[in-house]
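> My questions all concern the structure below.
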Amino acid sequence: MTVMAKHKTEKYLVPLSDVHNDDVQQMLDAKKLNHKECVMYRTVSNEFPQDQAFDYDMIVLFTPAGVESLLKNFPDFKQGDTRLACFGPATKKAMEDAGLRCDLSAPTPEAKSMTAAIELYLENEKK
């Protein structure tokens, strides 16, 4: 953002998903940068065959749309011992609103990435 703010006369194209929030737009507006958003890709649910075994130790969800997809594909999903990880506060809220337990999340002060959060979680589980 610092570099972009130094070039206020430039025009910026901001590629977005069809499912997005306005954080980037608000940040660019706050810096009075000339920008245009455009939807460049769509977020779609992966269709799972009905006969596919559901045997996962952990499911990692990165967007609220991922939570919707999980529940759409597996409407009778019971979390049980399956660990659910989420990235970002919006995804965590979507999980909680759906009655799911978030076992680990990122980013946090200790784990800036999902990879780091999972590694930290697994280390703590060994203890």
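Going through the structure tokens in order, the chains are called A, B, and so on, while each chain numbers its residues from 1 and the ligands are numbered from 1 in the order shown.
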Might you pull out every residue within 12 Å of stretch 43-56 of chain A, with only C-alpha atoms counted and same-chain residues fewer than 5 positions away left off, and present them as a PyMOL selection string?

chain A and resi 16-20+62-84

> Those same residues - N, CA and C atoms - I'd like them written as a PDB file, in the first residue's frame.


```
ATOM      1  N   LEU A  16     -11.206  -9.288  -8.486  1.00  0.00           N
ATOM      2  CA  LEU A  16     -11.916  -9.824  -7.327  1.00  0.00           C
ATOM      3  C   LEU A  16     -12.684 -11.081  -7.696  1.00  0.00           C
ATOM      4  N   SER A  17     -13.059 -11.826  -6.685  1.00  0.00           N
ATOM      5  CA  SER A  17     -13.982 -12.945  -6.848  1.00  0.00           C
ATOM      6  C   SER A  17     -15.405 -12.395  -6.840  1.00  0.00           C
ATOM      7  N   ASP A  18     -16.337 -13.167  -7.359  1.00  0.00           N
ATOM      8  CA  ASP A  18     -17.738 -12.742  -7.285  1.00  0.00           C
ATOM      9  C   ASP A  18     -18.220 -12.704  -5.836  1.00  0.00           C
ATOM     10  N   VAL A  19     -17.537 -13.411  -4.951  1.00  0.00           N
ATOM     11  CA  VAL A  19     -17.841 -13.384  -3.520  1.00  0.00           C
ATOM     12  C   VAL A  19     -16.685 -12.661  -2.837  1.00  0.00           C
ATOM     13  N   HIS A  20     -16.919 -11.428  -2.427  1.00  0.00           N
ATOM     14  CA  HIS A  20     -15.851 -10.639  -1.809  1.00  0.00           C
ATOM     15  C   HIS A  20     -16.449  -9.633  -0.838  1.00  0.00           C
ATOM     16  N   PHE A  62     -11.571 -21.577   3.905  1.00  0.00           N
ATOM     17  CA  PHE A  62     -10.955 -20.264   3.755  1.00  0.00           C
ATOM     18  C   PHE A  62     -11.953 -19.133   3.556  1.00  0.00           C
ATOM     19  N   THR A  63     -13.207 -19.463   3.261  1.00  0.00           N
ATOM     20  CA  THR A  63     -14.217 -18.434   3.016  1.00  0.00           C
ATOM     21  C   THR A  63     -15.564 -18.885   3.572  1.00  0.00           C
ATOM     22  N   PRO A  64     -16.461 -17.941   3.809  1.00  0.00           N
ATOM     23  CA  PRO A  64     -17.822 -18.326   4.182  1.00  0.00           C
ATOM     24  C   PRO A  64     -18.468 -19.210   3.111  1.00  0.00           C
ATOM     25  N   ALA A  65     -18.105 -19.005   1.846  1.00  0.00           N
ATOM     26  CA  ALA A  65     -18.636 -19.854   0.772  1.00  0.00           C
ATOM     27  C   ALA A  65     -18.199 -21.305   0.965  1.00  0.00           C
ATOM     28  N   GLY A  66     -17.026 -21.523   1.543  1.00  0.00           N
ATOM     29  CA  GLY A  66     -16.566 -22.878   1.837  1.00  0.00           C
ATOM     30  C   GLY A  66     -17.440 -23.555   2.877  1.00  0.00           C
ATOM     31  N   VAL A  67     -17.883 -22.785   3.860  1.00  0.00           N
ATOM     32  CA  VAL A  67     -18.792 -23.317   4.881  1.00  0.00           C
ATOM     33  C   VAL A  67     -20.107 -23.719   4.220  1.00  0.00           C
ATOM     34  N   GLU A  68     -20.625 -22.843   3.359  1.00  0.00           N
ATOM     35  CA  GLU A  68     -21.867 -23.138   2.633  1.00  0.00           C
ATOM     36  C   GLU A  68     -21.713 -24.396   1.780  1.00  0.00           C
ATOM     37  N   SER A  69     -20.570 -24.529   1.111  1.00  0.00           N
ATOM     38  CA  SER A  69     -20.322 -25.683   0.255  1.00  0.00           C
ATOM     39  C   SER A  69     -20.293 -26.977   1.069  1.00  0.00           C
ATOM     40  N   LEU A  70     -19.627 -26.942   2.213  1.00  0.00           N
ATOM     41  CA  LEU A  70     -19.572 -28.127   3.077  1.00  0.00           C
ATOM     42  C   LEU A  70     -20.981 -28.580   3.449  1.00  0.00           C
ATOM     43  N   LEU A  71     -21.803 -27.630   3.867  1.00  0.00           N
ATOM     44  CA  LEU A  71     -23.155 -27.980   4.315  1.00  0.00           C
ATOM     45  C   LEU A  71     -24.074 -28.334   3.157  1.00  0.00           C
ATOM     46  N   LYS A  72     -23.809 -27.776   1.980  1.00  0.00           N
ATOM     47  CA  LYS A  72     -24.605 -28.124   0.792  1.00  0.00           C
ATOM     48  C   LYS A  72     -24.295 -29.555   0.350  1.00  0.00           C
ATOM     49  N   ASN A  73     -23.005 -29.878   0.305  1.00  0.00           N
ATOM     50  CA  ASN A  73     -22.590 -31.207  -0.141  1.00  0.00           C
ATOM     51  C   ASN A  73     -22.865 -32.290   0.892  1.00  0.00           C
ATOM     52  N   PHE A  74     -22.842 -31.920   2.155  1.00  0.00           N
ATOM     53  CA  PHE A  74     -23.043 -32.884   3.237  1.00  0.00           C
ATOM     54  C   PHE A  74     -24.065 -32.318   4.225  1.00  0.00           C
ATOM     55  N   PRO A  75     -25.345 -32.280   3.834  1.00  0.00           N
ATOM     56  CA  PRO A  75     -26.369 -31.652   4.678  1.00  0.00           C
ATOM     57  C   PRO A  75     -26.531 -32.313   6.050  1.00  0.00           C
ATOM     58  N   ASP A  76     -26.147 -33.568   6.172  1.00  0.00           N
ATOM     59  CA  ASP A  76     -26.253 -34.266   7.456  1.00  0.00           C
ATOM     60  C   ASP A  76     -24.913 -34.303   8.193  1.00  0.00           C
ATOM     61  N   PHE A  77     -23.998 -33.397   7.840  1.00  0.00           N
ATOM     62  CA  PHE A  77     -22.654 -33.379   8.415  1.00  0.00           C
ATOM     63  C   PHE A  77     -22.714 -33.257   9.934  1.00  0.00           C
ATOM     64  N   LYS A  78     -22.050 -34.180  10.592  1.00  0.00           N
ATOM     65  CA  LYS A  78     -21.872 -34.146  12.043  1.00  0.00           C
ATOM     66  C   LYS A  78     -20.375 -34.040  12.278  1.00  0.00           C
ATOM     67  N   GLN A  79     -19.949 -32.989  12.958  1.00  0.00           N
ATOM     68  CA  GLN A  79     -18.531 -32.713  13.105  1.00  0.00           C
ATOM     69  C   GLN A  79     -17.797 -33.789  13.898  1.00  0.00           C
ATOM     70  N   GLY A  80     -18.346 -34.219  15.001  1.00  0.00           N
ATOM     71  CA  GLY A  80     -17.692 -35.259  15.790  1.00  0.00           C
ATOM     72  C   GLY A  80     -16.235 -34.943  16.066  1.00  0.00           C
ATOM     73  N   ASP A  81     -15.339 -35.880  15.700  1.00  0.00           N
ATOM     74  CA  ASP A  81     -13.902 -35.703  15.921  1.00  0.00           C
ATOM     75  C   ASP A  81     -13.203 -34.998  14.768  1.00  0.00           C
ATOM     76  N   THR A  82     -13.924 -34.678  13.703  1.00  0.00           N
ATOM     77  CA  THR A  82     -13.312 -33.980  12.570  1.00  0.00           C
ATOM     78  C   THR A  82     -12.942 -32.570  13.005  1.00  0.00           C
ATOM     79  N   ARG A  83     -11.692 -32.202  12.811  1.00  0.00           N
ATOM     80  CA  ARG A  83     -11.230 -30.859  13.162  1.00  0.00           C
ATOM     81  C   ARG A  83     -11.583 -29.914  12.026  1.00  0.00           C
ATOM     82  N   LEU A  84     -12.077 -28.734  12.376  1.00  0.00           N
ATOM     83  CA  LEU A  84     -12.362 -27.702  11.386  1.00  0.00           C
ATOM     84  C   LEU A  84     -11.452 -26.515  11.639  1.00  0.00           C
TER      85      LEU A  84
END
```

> Could you check which of A:Cys86, A:Ala94, A:Leu100, A:Met4 is closest to A:Ile118, using only C-alpha atoms?

A:Cys86

> Could you check which of A:Met27, A:Ala117, A:Leu13, A:Ile59 is closest to A:Met1, using only C-alpha atoms?

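Looking only at the distances to A:Met1, the closest residue turns out to be A:Met27.
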
> Using only C-alpha atoms, pick whichever of A:Val14, A:Met58, A:Val39, A:Leu120 has the shortest atom-to-atom distance to A:Ala106.

A:Leu120

> So which bits of stretch 86-126 of chain A end up strand (DSSP E) when you DSSP the backbone, as a list in words?

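Of stretch 86-126 of chain A, the ones in strand (DSSP E) are Cys86, Phe87, Leu104, Ser105 and Ala106 of chain A.
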
> Take atom CA of A:Tyr121 and atom CA of A:Leu104 and report the distance between them in Å, one decimal.

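Value for the atom CA of A:Tyr121-atom CA of A:Leu104 distance: 7.1 Å.
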
> Per DSSP on the backbone, filter stretch 80-109 of chain A down to the residues in helix (DSSP H, G or I) and report them as a PyMOL selection string.

chain A and resi 89-97

> Rounded to one decimal in Å, what is the spacing between atom CA of A:Gln25 and atom CA of A:Lys6?

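Interatomic distance here is 17.5 Å.
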
> Please identify all polymer residues within 12 Å of A:Thr2, counting only C-alpha atoms, omitting same-chain residues fewer than 6 positions from it, and present them as a list in words.

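Final neighbour list, sorted by chain and number: Lys8, Met27, Leu28, Lys31 and Leu33 of chain A.
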
> Generate a file of the selected residues that holds C-alpha atoms, formatted as an mmCIF file, in the first residue's frame.


```
data_model
loop_
_atom_site.group_PDB
_atom_site.id
_atom_site.type_symbol
_atom_site.label_atom_id
_atom_site.label_comp_id
_atom_site.auth_asym_id
_atom_site.auth_seq_id
_atom_site.Cartn_x
_atom_site.Cartn_y
_atom_site.Cartn_z
ATOM 1 C CA LYS A 8 -1.479 8.472 -6.660
ATOM 2 C CA MET A 27 -8.559 0.835 1.811
ATOM 3 C CA LEU A 28 -7.903 2.259 -1.666
ATOM 4 C CA LYS A 31 -5.805 6.595 0.254
ATOM 5 C CA LEU A 33 -6.286 6.054 -5.177
#
```
